file query_15.pdb (PDB, C-alpha atoms)
MODEL        1
ATOM      1  CA  MET A   1      34.616  27.656   0.745
ATOM      2  CA  LYS A   2      37.052  25.759  -1.420
ATOM      3  CA  THR A   3      40.132  27.776  -2.401
ATOM      4  CA  SER A   4      40.596  27.985  -6.156
ATOM      5  CA  HIS A   5      44.110  27.238  -7.432
ATOM      6  CA  PRO A   6      45.564  26.916  -3.914
ATOM      7  CA  ASP A   7      49.016  25.963  -5.237
ATOM      8  CA  LYS A   8      49.431  29.147  -7.276
ATOM      9  CA  VAL A   9      52.547  30.946  -6.028
ATOM     10  CA  PHE A  10      51.638  34.318  -4.513
ATOM     11  CA  TYR A  11      54.977  35.263  -2.892
ATOM     12  CA  PRO A  12      57.705  33.936  -5.216
ATOM     13  CA  GLU A  13      60.642  34.860  -2.964
ATOM     14  CA  ASP A  14      59.027  33.239   0.062
ATOM     15  CA  GLY A  15      57.483  30.155  -1.521
ATOM     16  CA  LEU A  16      54.031  31.086  -0.253
ATOM     17  CA  THR A  17      50.942  30.112  -2.216
ATOM     18  CA  LYS A  18      47.444  31.407  -2.620
ATOM     19  CA  GLY A  19      46.386  28.623  -0.295
ATOM     20  CA  ASP A  20      48.736  29.996   2.360
ATOM     21  CA  VAL A  21      47.254  33.477   1.968
ATOM     22  CA  VAL A  22      43.627  32.301   2.181
ATOM     23  CA  GLU A  23      44.437  30.115   5.179
ATOM     24  CA  TYR A  24      46.126  33.092   6.866
ATOM     25  CA  TYR A  25      42.978  35.179   6.534
ATOM     26  CA  ARG A  26      40.900  32.304   7.881
ATOM     27  CA  ALA A  27      43.217  32.125  10.888
ATOM     28  CA  VAL A  28      43.155  35.852  11.706
ATOM     29  CA  ALA A  29      39.496  36.524  10.915
ATOM     30  CA  ASP A  30      38.380  36.804  14.546
ATOM     31  CA  VAL A  31      40.880  39.559  15.382
ATOM     32  CA  MET A  32      40.815  41.288  11.991
ATOM     33  CA  LEU A  33      37.063  41.580  11.452
ATOM     34  CA  PRO A  34      36.402  44.141  14.226
ATOM     35  CA  HIS A  35      38.743  46.496  12.355
ATOM     36  CA  LEU A  36      36.897  45.976   9.050
ATOM     37  CA  ARG A  37      33.221  45.903  10.020
ATOM     38  CA  GLY A  38      31.181  48.839   8.879
ATOM     39  CA  ARG A  39      34.023  50.443   6.906
ATOM     40  CA  PRO A  40      34.302  50.959   3.161
ATOM     41  CA  LEU A  41      37.128  48.807   1.822
ATOM     42  CA  THR A  42      39.740  49.303  -0.841
ATOM     43  CA  LEU A  43      41.129  45.966  -2.006
ATOM     44  CA  ARG A  44      44.597  45.467  -3.416
ATOM     45  CA  ARG A  45      44.284  42.407  -5.622
ATOM     46  CA  PHE A  46      46.978  40.197  -7.125
ATOM     47  CA  PRO A  47      45.172  37.231  -8.723
ATOM     48  CA  ASP A  48      48.477  35.888 -10.079
ATOM     49  CA  GLY A  49      50.590  36.714  -7.043
ATOM     50  CA  ILE A  50      52.712  39.741  -6.174
ATOM     51  CA  GLY A  51      55.222  38.898  -8.911
ATOM     52  CA  LYS A  52      52.632  39.925 -11.501
ATOM     53  CA  PRO A  53      50.731  43.216 -11.894
ATOM     54  CA  GLY A  54      48.014  43.913  -9.353
ATOM     55  CA  TRP A  55      45.587  46.780  -8.829
ATOM     56  CA  PHE A  56      43.631  48.724  -6.236
ATOM     57  CA  GLN A  57      39.913  47.991  -6.429
ATOM     58  CA  LYS A  58      37.609  50.468  -4.705
ATOM     59  CA  HIS A  59      34.296  49.231  -6.022
ATOM     60  CA  PRO A  60      32.773  45.733  -6.084
ATOM     61  CA  GLY A  61      32.996  43.590  -9.154
ATOM     62  CA  GLU A  62      29.809  42.628 -10.967
ATOM     63  CA  HIS A  63      30.469  38.970 -10.218
ATOM     64  CA  PHE A  64      30.569  39.424  -6.434
ATOM     65  CA  PRO A  65      27.804  37.327  -4.858
ATOM     66  CA  ASP A  66      24.751  38.894  -3.212
ATOM     67  CA  SER A  67      26.007  37.694   0.174
ATOM     68  CA  ILE A  68      28.741  40.363   0.089
ATOM     69  CA  ARG A  69      27.621  43.584   1.762
ATOM     70  CA  VAL A  70      27.801  46.553  -0.592
ATOM     71  CA  GLU A  71      26.989  50.100   0.536
ATOM     72  CA  ARG A  72      26.541  53.316  -1.414
ATOM     73  CA  VAL A  73      28.772  56.098  -0.079
ATOM     74  CA  PRO A  74      28.570  59.800  -1.038
ATOM     75  CA  ARG A  75      31.306  61.421  -3.096
ATOM     76  CA  ARG A  76      32.378  64.984  -2.559
ATOM     77  CA  ASP A  77      31.187  65.923  -6.048
ATOM     78  CA  GLY A  78      27.614  65.015  -5.168
ATOM     79  CA  GLY A  79      27.632  61.536  -6.689
ATOM     80  CA  THR A  80      27.925  58.185  -4.959
ATOM     81  CA  ASP A  81      30.128  55.114  -5.147
ATOM     82  CA  ASP A  82      29.528  51.531  -4.078
ATOM     83  CA  TYR A  83      31.993  49.927  -1.675
ATOM     84  CA  VAL A  84      32.431  46.444  -0.274
ATOM     85  CA  VAL A  85      32.031  46.162   3.500
ATOM     86  CA  CYS A  86      33.474  43.051   5.137
ATOM     87  CA  GLU A  87      31.204  41.930   7.951
ATOM     88  CA  ASP A  88      32.096  38.274   8.446
ATOM     89  CA  ALA A  89      34.693  35.562   7.992
ATOM     90  CA  ALA A  90      32.993  34.210   4.874
ATOM     91  CA  THR A  91      33.375  37.577   3.119
ATOM     92  CA  LEU A  92      37.003  37.873   4.200
ATOM     93  CA  GLU A  93      37.724  34.400   2.850
ATOM     94  CA  TYR A  94      35.879  35.124  -0.388
ATOM     95  CA  LEU A  95      37.872  38.314  -0.983
ATOM     96  CA  ALA A  96      41.150  36.528  -0.240
ATOM     97  CA  ASN A  97      40.153  33.786  -2.680
ATOM     98  CA  GLN A  98      39.637  36.539  -5.280
ATOM     99  CA  GLY A  99      43.322  37.399  -4.944
ATOM    100  CA  THR A 100      43.015  40.224  -2.406
ATOM    101  CA  VAL A 101      46.363  40.439  -0.637
ATOM    102  CA  GLU A 102      45.947  43.838   1.048
ATOM    103  CA  PHE A 103      42.896  45.323   2.774
ATOM    104  CA  HIS A 104      42.704  49.091   3.261
ATOM    105  CA  VAL A 105      39.955  50.733   5.332
ATOM    106  CA  TRP A 106      38.402  54.167   5.646
ATOM    107  CA  LEU A 107      38.868  56.123   8.871
ATOM    108  CA  SER A 108      35.084  56.421   9.104
ATOM    109  CA  THR A 109      32.150  54.046   8.717
ATOM    110  CA  VAL A 110      29.530  53.763   5.994
ATOM    111  CA  ASP A 111      26.941  54.993   8.519
ATOM    112  CA  ALA A 112      28.837  58.246   9.137
ATOM    113  CA  PRO A 113      31.353  58.702   6.316
ATOM    114  CA  GLU A 114      31.859  62.415   7.071
ATOM    115  CA  ARG A 115      32.645  61.833  10.774
ATOM    116  CA  PRO A 116      35.883  59.881  11.204
ATOM    117  CA  ASP A 117      36.352  57.714  14.276
ATOM    118  CA  ARG A 118      40.060  57.255  13.594
ATOM    119  CA  LEU A 119      42.980  59.667  13.194
ATOM    120  CA  VAL A 120      46.234  58.325  11.777
ATOM    121  CA  LEU A 121      49.706  59.737  11.266
ATOM    122  CA  ASP A 122      51.878  57.628   8.992
ATOM    123  CA  LEU A 123      55.674  57.595   9.267
ATOM    124  CA  ASP A 124      57.125  57.440   5.767
ATOM    125  CA  PRO A 125      60.914  57.172   6.039
ATOM    126  CA  PRO A 126      63.542  57.527   3.331
ATOM    127  CA  ASP A 127      65.723  54.518   2.576
ATOM    128  CA  GLY A 128      68.318  53.824   5.224
ATOM    129  CA  THR A 129      66.451  55.350   8.161
ATOM    130  CA  PRO A 130      67.405  53.448  11.334
ATOM    131  CA  VAL A 131      64.441  51.650  12.870
ATOM    132  CA  ALA A 132      65.438  53.038  16.283
ATOM    133  CA  GLU A 133      64.764  56.528  14.943
ATOM    134  CA  LEU A 134      61.337  55.486  13.674
ATOM    135  CA  ARG A 135      60.488  54.101  17.103
ATOM    136  CA  ALA A 136      61.556  57.362  18.733
ATOM    137  CA  VAL A 137      59.389  59.376  16.340
ATOM    138  CA  ALA A 138      56.385  57.127  17.038
ATOM    139  CA  ARG A 139      56.824  57.790  20.764
ATOM    140  CA  ARG A 140      57.110  61.513  20.080
ATOM    141  CA  ILE A 141      53.797  61.399  18.192
ATOM    142  CA  ARG A 142      52.242  59.519  21.107
ATOM    143  CA  ASP A 143      53.367  62.268  23.487
ATOM    144  CA  HIS A 144      51.774  64.969  21.342
ATOM    145  CA  TYR A 145      48.538  62.991  21.085
ATOM    146  CA  GLU A 146      48.413  62.652  24.850
ATOM    147  CA  ARG A 147      49.031  66.368  25.389
ATOM    148  CA  ALA A 148      46.021  67.015  23.157
ATOM    149  CA  GLY A 149      43.884  64.601  25.211
ATOM    150  CA  LEU A 150      43.995  61.692  22.762
ATOM    151  CA  THR A 151      44.991  58.086  23.378
ATOM    152  CA  ALA A 152      47.683  56.783  21.027
ATOM    153  CA  PHE A 153      47.929  53.289  19.543
ATOM    154  CA  VAL A 154      50.775  52.068  17.346
ATOM    155  CA  GLN A 155      50.901  49.675  14.406
ATOM    156  CA  ALA A 156      53.817  48.195  12.493
ATOM    157  CA  THR A 157      52.635  48.717   8.926
ATOM    158  CA  GLY A 158      54.200  45.603   7.418
ATOM    159  CA  GLY A 159      56.010  48.019   5.120
ATOM    160  CA  ARG A 160      58.546  50.735   5.890
ATOM    161  CA  GLY A 161      57.147  52.591   8.872
ATOM    162  CA  PHE A 162      54.663  52.780  11.713
ATOM    163  CA  HIS A 163      51.152  54.180  12.054
ATOM    164  CA  VAL A 164      50.203  56.062  15.199
ATOM    165  CA  LEU A 165      46.429  56.059  15.559
ATOM    166  CA  ALA A 166      43.994  57.796  17.907
ATOM    167  CA  PRO A 167      40.362  56.631  18.216
ATOM    168  CA  LEU A 168      37.792  59.431  17.957
ATOM    169  CA  ASP A 169      34.183  59.856  19.079
ATOM    170  CA  ALA A 170      32.925  60.436  15.498
ATOM    171  CA  LYS A 171      31.348  63.764  16.472
ATOM    172  CA  SER A 172      33.621  65.964  14.327
ATOM    173  CA  ASP A 173      33.605  66.183  10.555
ATOM    174  CA  THR A 174      36.436  65.236   8.235
ATOM    175  CA  GLU A 175      37.726  68.801   7.884
ATOM    176  CA  VAL A 176      38.177  69.168  11.637
ATOM    177  CA  VAL A 177      39.983  65.835  11.879
ATOM    178  CA  LEU A 178      42.205  66.693   8.918
ATOM    179  CA  GLU A 179      43.048  70.080  10.465
ATOM    180  CA  LEU A 180      43.861  68.360  13.758
ATOM    181  CA  SER A 181      46.057  65.734  12.111
ATOM    182  CA  ARG A 182      48.004  68.394  10.231
ATOM    183  CA  ALA A 183      48.417  70.473  13.381
ATOM    184  CA  LEU A 184      49.724  67.434  15.247
ATOM    185  CA  ALA A 185      52.123  66.559  12.421
ATOM    186  CA  ASP A 186      53.393  70.152  12.376
ATOM    187  CA  ARG A 187      53.971  70.076  16.142
ATOM    188  CA  VAL A 188      55.903  66.818  15.925
ATOM    189  CA  ALA A 189      57.966  67.967  12.933
ATOM    190  CA  GLY A 190      58.720  71.215  14.744
ATOM    191  CA  ASP A 191      60.479  69.266  17.482
ATOM    192  CA  ALA A 192      63.146  68.050  15.036
ATOM    193  CA  PRO A 193      62.885  69.945  11.725
ATOM    194  CA  ASP A 194      66.218  68.584  10.534
ATOM    195  CA  ARG A 195      64.895  65.000  10.720
ATOM    196  CA  LEU A 196      61.120  65.345  10.277
ATOM    197  CA  THR A 197      58.975  67.031   7.650
ATOM    198  CA  THR A 198      55.376  67.495   6.566
ATOM    199  CA  ALA A 199      56.373  68.572   3.035
ATOM    200  CA  GLN A 200      54.057  67.010   0.453
ATOM    201  CA  ARG A 201      56.574  67.098  -2.367
ATOM    202  CA  LYS A 202      59.266  64.444  -2.196
ATOM    203  CA  ASP A 203      61.889  66.808  -3.585
ATOM    204  CA  LYS A 204      61.334  69.044  -0.539
ATOM    205  CA  ARG A 205      61.858  66.295   2.025
ATOM    206  CA  GLY A 206      65.528  65.527   1.561
ATOM    207  CA  ASP A 207      66.550  62.701   3.875
ATOM    208  CA  ARG A 208      63.886  63.495   6.463
ATOM    209  CA  ILE A 209      61.043  61.282   7.670
ATOM    210  CA  PHE A 210      57.707  62.364   6.200
ATOM    211  CA  LEU A 211      54.833  62.661   8.686
ATOM    212  CA  ASP A 212      51.818  61.962   6.490
ATOM    213  CA  ALA A 213      48.532  63.444   7.698
ATOM    214  CA  ASN A 214      46.839  63.105   4.315
ATOM    215  CA  ARG A 215      45.250  59.767   5.210
ATOM    216  CA  ASN A 216      42.755  61.740   7.285
ATOM    217  CA  GLY A 217      41.088  63.308   4.257
ATOM    218  CA  TYR A 218      37.684  62.198   3.026
ATOM    219  CA  ALA A 219      37.677  58.736   1.400
ATOM    220  CA  GLN A 220      41.322  58.158   2.281
ATOM    221  CA  THR A 221      42.447  54.848   3.786
ATOM    222  CA  PHE A 222      45.094  53.143   5.861
ATOM    223  CA  VAL A 223      46.167  49.522   5.805
ATOM    224  CA  ALA A 224      43.869  47.439   7.968
ATOM    225  CA  PRO A 225      45.262  45.749  11.071
ATOM    226  CA  TYR A 226      46.417  42.209  10.239
ATOM    227  CA  SER A 227      46.338  42.775   6.492
ATOM    228  CA  LEU A 228      49.215  41.175   4.638
ATOM    229  CA  ARG A 229      51.374  43.421   2.476
ATOM    230  CA  ALA A 230      52.199  42.771  -1.160
ATOM    231  CA  ARG A 231      55.950  42.776  -0.551
ATOM    232  CA  PRO A 232      58.571  40.045  -0.297
ATOM    233  CA  GLY A 233      58.474  38.647   3.228
ATOM    234  CA  ALA A 234      54.648  38.575   3.396
ATOM    235  CA  ALA A 235      54.648  40.820   6.454
ATOM    236  CA  ALA A 236      51.373  41.789   8.111
ATOM    237  CA  ALA A 237      50.260  45.126   9.526
ATOM    238  CA  THR A 238      50.523  44.447  13.249
ATOM    239  CA  PRO A 239      48.991  46.391  16.142
ATOM    240  CA  LEU A 240      51.464  46.611  19.010
ATOM    241  CA  ASP A 241      51.543  47.342  22.699
ATOM    242  CA  TRP A 242      53.723  50.377  23.309
ATOM    243  CA  ARG A 243      56.069  48.270  25.406
ATOM    244  CA  GLU A 244      56.702  46.082  22.340
ATOM    245  CA  LEU A 245      57.852  48.998  20.220
ATOM    246  CA  GLY A 246      61.419  48.902  21.555
ATOM    247  CA  LYS A 247      62.102  45.689  19.647
ATOM    248  CA  ALA A 248      59.626  46.101  16.806
ATOM    249  CA  ASP A 249      60.452  46.289  13.120
ATOM    250  CA  PRO A 250      57.859  47.731  10.702
ATOM    251  CA  ALA A 251      57.907  44.485   8.702
ATOM    252  CA  GLY A 252      58.712  42.215  11.625
ATOM    253  CA  TRP A 253      55.709  39.891  11.489
ATOM    254  CA  GLY A 254      55.552  37.656   8.457
ATOM    255  CA  LEU A 255      52.550  35.495   7.676
ATOM    256  CA  ARG A 256      53.594  32.536   9.803
ATOM    257  CA  LYS A 257      54.981  34.630  12.652
ATOM    258  CA  GLU A 258      51.747  36.634  12.833
ATOM    259  CA  LYS A 259      49.673  33.496  13.229
ATOM    260  CA  GLN A 260      52.010  32.315  16.000
ATOM    261  CA  ARG A 261      51.743  35.705  17.707
ATOM    262  CA  LEU A 262      47.960  35.640  17.732
ATOM    263  CA  ALA A 263      47.905  32.120  19.120
ATOM    264  CA  ARG A 264      49.483  33.455  22.325
ATOM    265  CA  LYS A 265      48.492  37.124  22.427
ATOM    266  CA  GLN A 266      45.261  39.097  22.306
ATOM    267  CA  ASP A 267      44.779  41.954  19.874
ATOM    268  CA  PRO A 268      46.419  45.059  21.431
ATOM    269  CA  TRP A 269      43.742  47.197  19.738
ATOM    270  CA  ARG A 270      40.757  45.194  20.987
ATOM    271  CA  GLU A 271      39.591  48.013  23.325
ATOM    272  CA  LEU A 272      40.342  50.826  20.869
ATOM    273  CA  ASP A 273      36.896  52.419  20.894
ATOM    274  CA  GLU A 274      36.781  52.618  24.680
ATOM    275  CA  HIS A 275      39.437  55.349  24.409
ATOM    276  CA  ALA A 276      37.681  57.532  21.821
ATOM    277  CA  GLY A 277      38.543  61.206  22.144
ATOM    278  CA  SER A 278      37.154  64.476  20.810
ATOM    279  CA  ALA A 279      38.848  65.967  17.753
ATOM    280  CA  GLU A 280      37.408  69.408  18.492
ATOM    281  CA  ALA A 281      38.614  69.348  22.093
ATOM    282  CA  ALA A 282      42.066  68.206  20.942
ATOM    283  CA  LEU A 283      42.235  71.009  18.379
ATOM    284  CA  LYS A 284      41.351  73.564  21.060
ATOM    285  CA  GLN A 285      44.039  72.068  23.279
ATOM    286  CA  LEU A 286      46.601  72.728  20.536
ATOM    287  CA  SER A 287      45.527  76.308  19.848
TER     288      SER A 287
ENDMDL
END

call {"tool": "encode", "arguments": {"input": "query_15.pdb", "output": "structure tokens"}}
result
Amino acid sequence: MKTSHPDKVFYPEDGLTKGDVVEYYRAVADVMLPHLRGRPLTLRRFPDGIGKPGWFQKHPGEHFPDSIRVERVPRRDGGTDDYVVCEDAATLEYLANQGTVEFHVWLSTVDAPERPDRLVLDLDPPDGTPVAELRAVARRIRDHYERAGLTAFVQATGGRGFHVLAPLDAKSDTEVVLELSRALADRVAGDAPDRLTTAQRKDKRGDRIFLDANRNGYAQTFVAPYSLRARPGAAAATPLDWRELGKADPAGWGLRKEKQRLARKQDPWRELDEHAGSAEAALKQLS
């Protein structure tokens, strides 16, 4: 596919163009696609670059070609919505060429939207939080996952914090997974209530790190592994080995650095589903 307007500036502060963004997604397609396949997508599009207004797009545009997979997914109110599902490199390239900078995925698949196979806690820090503290909190979350019988994986979000994810066996419904994620967040916050909080309202958080379990609700999303972020620096969401966390920064892998990383390193999340755990068993373990 030929990139349209490849010289259009997409990251003004970094001198990166639309061509750079499309080429990035071509380069990472092999490692990124396993994390997209089968999942409803929310696209964050910036057709004129991140210096101009963009928007979140949940549903496919009328002009999308027939080659793009579109699936109808139930809504909680009894209706349905259509979502794009990215199955192949051609679709990923097409979406990038449409100005998609960020890709966000459901924690369940279109085949079983009510049975998540991912659980995610998101660290949302206030300004000025030392990265060493964020790393320590991510490890603390890992320890609580493991006590509940889950296997923890960590991702630098490309933004301000880290995600700690556990793969699930997709046998429990969304409400069970949401209850589990909130119970885990409460346990972690209880270890250090002066520094950690699960308070939904920002005015209740003070200067504490917010442990966000809300991404585990129905139709919620998290940023897909290897997605770029629409922020200066063009950092990518980057799955990590736990041993890498000690030197990791949430926005430590810019577009070029990410491509270099993947040229010498396999995806740390490539065997994610081999470690799928039971949400119901984990919830019983916590009770």

call {"tool": "resolve_selection", "arguments": {"input": "query_15.pdb", "expression": "the PyMOL selection byres ((chain A and resi 61) around 12)", "output": "number ranges by chain"}}
result
A: 43, 45, 57-60, 62-66, 68, 70, 82-84, 95, 98

call {"tool": "residues_around", "arguments": {"input": "query_15.pdb", "residues": "Leu240 in chain A", "least_positions_apart": "4", "cutoff": "9 Å", "atoms": "all atoms listed in the file", "output": "list in words"}}
result
Phe153, Val154, Gln155, Ala156, Glu244, Leu245, Ala248, Asp267, Pro268 and Trp269 of chain A

call {"tool": "resolve_selection", "arguments": {"input": "query_15.pdb", "expression": "the PyMOL selection byres ((chain A and resi 38) around 12)", "output": "list in words"}}
result
Leu33, Pro34, His35, Leu36, Arg37, Arg39, Pro40, Leu41, Arg69, Val70, Glu71, Val73, Tyr83, Val84, Val85, Cys86, Glu87, Asp88, Val105, Trp106, Leu107, Ser108, Thr109, Val110, Asp111, Ala112, Pro113 and Asp117 of chain A

call {"tool": "residues_around", "arguments": {"input": "query_15.pdb", "residues": "Pro126 in chain A", "least_positions_apart": "3", "cutoff": "12 Å", "atoms": "only C-alpha atoms", "output": "number ranges by chain"}}
result
A: 123, 129-131, 133-134, 160-161, 195-197, 202-203, 205-211

call {"tool": "atom_distance", "arguments": {"input": "query_15.pdb", "atom1": "CA of Ala27 in chain A", "atom2": "CA of Leu165 in chain A"}}
result
24.6 Å

call {"tool": "closest_residue", "arguments": {"input": "query_15.pdb", "among": "A:Lys204, A:Arg187, A:Arg140, A:Arg118", "to": "Asp273 in chain A", "atoms": "all atoms listed in the file"}}
result
A:Arg118

call {"tool": "residues_around", "arguments": {"input": "query_15.pdb", "residues": "Ile50 in chain A", "least_positions_apart": "2", "cutoff": "9 Å", "atoms": "all atoms listed in the file", "output": "PyMOL selection string"}}
result
chain A and resi 9-12+45-48+52-54+101+230-232

call {"tool": "closest_residue", "arguments": {"input": "query_15.pdb", "among": "A:Arg139, A:Arg229, A:Lys284, A:Arg270", "to": "Trp242 in chain A", "atoms": "only C-alpha atoms"}}
result
A:Arg139

call {"tool": "residues_around", "arguments": {"input": "query_15.pdb", "residues": "Leu283 in chain A", "least_positions_apart": "3", "cutoff": "6 Å", "atoms": "all atoms listed in the file", "output": "short mmCIF file (atom, residue, chain, number, x, y, z; two decimals) with C-alpha atoms, in the frame of the given file"}}
result
data_model
loop_
_atom_site.label_atom_id
_atom_site.label_comp_id
_atom_site.auth_asym_id
_atom_site.auth_seq_id
_atom_site.Cartn_x
_atom_site.Cartn_y
_atom_site.Cartn_z
CA LEU A 180 43.86 68.36 13.76
CA GLU A 280 37.41 69.41 18.49
CA LEU A 286 46.60 72.73 20.54
#

call {"tool": "resolve_selection", "arguments": {"input": "query_15.pdb", "expression": "the PyMOL selection byres ((chain A and resi 185) around 12)", "output": "ChimeraX atom specification"}}
result
/A:119-123,137-138,140-145,164,178-184,186-193,196-199,209-214,216,286

call {"tool": "residues_around", "arguments": {"input": "query_15.pdb", "residues": "range 89-94 of chain A", "least_positions_apart": "5", "cutoff": "7 Å", "atoms": "all atoms listed in the file", "output": "number ranges by chain"}}
result
A: 22, 25-26, 29, 68

call {"tool": "closest_residue", "arguments": {"input": "query_15.pdb", "among": "A:Leu150, A:Ala219, A:Ala166, A:Leu228", "to": "Met32 in chain A", "atoms": "all atoms listed in the file"}}
result
A:Leu228

call {"tool": "atom_distance", "arguments": {"input": "query_15.pdb", "atom1": "CA of Lys265 in chain A", "atom2": "CA of Gly149 in chain A"}}
result
28.0 Å

call {"tool": "closest_residue", "arguments": {"input": "query_15.pdb", "among": "A:His275, A:Arg256, A:Lys171, A:Lys8", "to": "Ala234 in chain A", "atoms": "all atoms listed in the file"}}
result
A:Arg256

call {"tool": "atom_distance", "arguments": {"input": "query_15.pdb", "atom1": "CA of Gly158 in chain A", "atom2": "CA of Gly49 in chain A"}}
result
17.4 Å

call {"tool": "closest_residue", "arguments": {"input": "query_15.pdb", "among": "A:Pro74, A:Pro239, A:Gly217, A:Gly233", "to": "Pro116 in chain A", "atoms": "all atoms listed in the file"}}
result
A:Gly217

call {"tool": "closest_residue", "arguments": {"input": "query_15.pdb", "among": "A:Ser227, A:Ser4, A:Gln220, A:Ser278", "to": "Val176 in chain A", "atoms": "only C-alpha atoms"}}
result
A:Ser278

call {"tool": "build_atoms", "arguments": {"input": "query_15.pdb", "residues": "range 51-67 of chain A", "atoms": "N, CA and C atoms", "output": "mmCIF file, in the coordinates of the input"}}
result
data_model
loop_
_atom_site.group_PDB
_atom_site.id
_atom_site.type_symbol
_atom_site.label_atom_id
_atom_site.label_comp_id
_atom_site.auth_asym_id
_atom_site.auth_seq_id
_atom_site.Cartn_x
_atom_site.Cartn_y
_atom_site.Cartn_z
ATOM 1 N N GLY A 51 54.230 38.804 -7.844
ATOM 2 C CA GLY A 51 55.222 38.898 -8.911
ATOM 3 C C GLY A 51 54.642 39.383 -10.226
ATOM 4 N N LYS A 52 53.322 39.465 -10.301
ATOM 5 C CA LYS A 52 52.632 39.925 -11.501
ATOM 6 C C LYS A 52 51.853 41.204 -11.160
ATOM 7 N N PRO A 53 51.441 41.957 -12.177
ATOM 8 C CA PRO A 53 50.731 43.216 -11.894
ATOM 9 C C PRO A 53 49.462 42.993 -11.071
ATOM 10 N N GLY A 54 49.245 43.901 -10.131
ATOM 11 C CA GLY A 54 48.014 43.913 -9.353
ATOM 12 C C GLY A 54 47.354 45.267 -9.494
ATOM 13 N N TRP A 55 46.275 45.495 -8.745
ATOM 14 C CA TRP A 55 45.587 46.780 -8.829
ATOM 15 C C TRP A 55 44.801 47.033 -7.547
ATOM 16 N N PHE A 56 44.521 48.327 -7.320
ATOM 17 C CA PHE A 56 43.631 48.724 -6.236
ATOM 18 C C PHE A 56 42.197 48.712 -6.766
ATOM 19 N N GLN A 57 41.322 48.060 -6.041
ATOM 20 C CA GLN A 57 39.913 47.991 -6.429
ATOM 21 C C GLN A 57 39.069 48.634 -5.339
ATOM 22 N N LYS A 58 38.443 49.763 -5.673
ATOM 23 C CA LYS A 58 37.609 50.468 -4.705
ATOM 24 C C LYS A 58 36.165 50.002 -4.733
ATOM 25 N N HIS A 59 35.712 49.515 -5.858
ATOM 26 C CA HIS A 59 34.296 49.231 -6.022
ATOM 27 C C HIS A 59 34.079 47.761 -6.348
ATOM 28 N N PRO A 60 32.970 47.180 -5.926
ATOM 29 C CA PRO A 60 32.773 45.733 -6.084
ATOM 30 C C PRO A 60 32.654 45.325 -7.542
ATOM 31 N N GLY A 61 33.142 44.136 -7.820
ATOM 32 C CA GLY A 61 32.996 43.590 -9.154
ATOM 33 C C GLY A 61 31.575 43.094 -9.387
ATOM 34 N N GLU A 62 31.174 43.057 -10.643
ATOM 35 C CA GLU A 62 29.809 42.628 -10.967
ATOM 36 C C GLU A 62 29.556 41.172 -10.586
ATOM 37 N N HIS A 63 30.637 40.389 -10.498
ATOM 38 C CA HIS A 63 30.469 38.970 -10.218
ATOM 39 C C HIS A 63 30.420 38.672 -8.723
ATOM 40 N N PHE A 64 30.602 39.679 -7.870
ATOM 41 C CA PHE A 64 30.569 39.424 -6.434
ATOM 42 C C PHE A 64 29.181 38.909 -6.047
ATOM 43 N N PRO A 65 29.107 37.901 -5.209
ATOM 44 C CA PRO A 65 27.804 37.327 -4.858
ATOM 45 C C PRO A 65 26.970 38.286 -4.006
ATOM 46 N N ASP A 66 25.672 38.046 -3.964
ATOM 47 C CA ASP A 66 24.751 38.894 -3.212
ATOM 48 C C ASP A 66 25.020 38.843 -1.711
ATOM 49 N N SER A 67 25.722 37.816 -1.255
ATOM 50 C CA SER A 67 26.007 37.694 0.174
ATOM 51 C C SER A 67 27.031 38.730 0.658
#
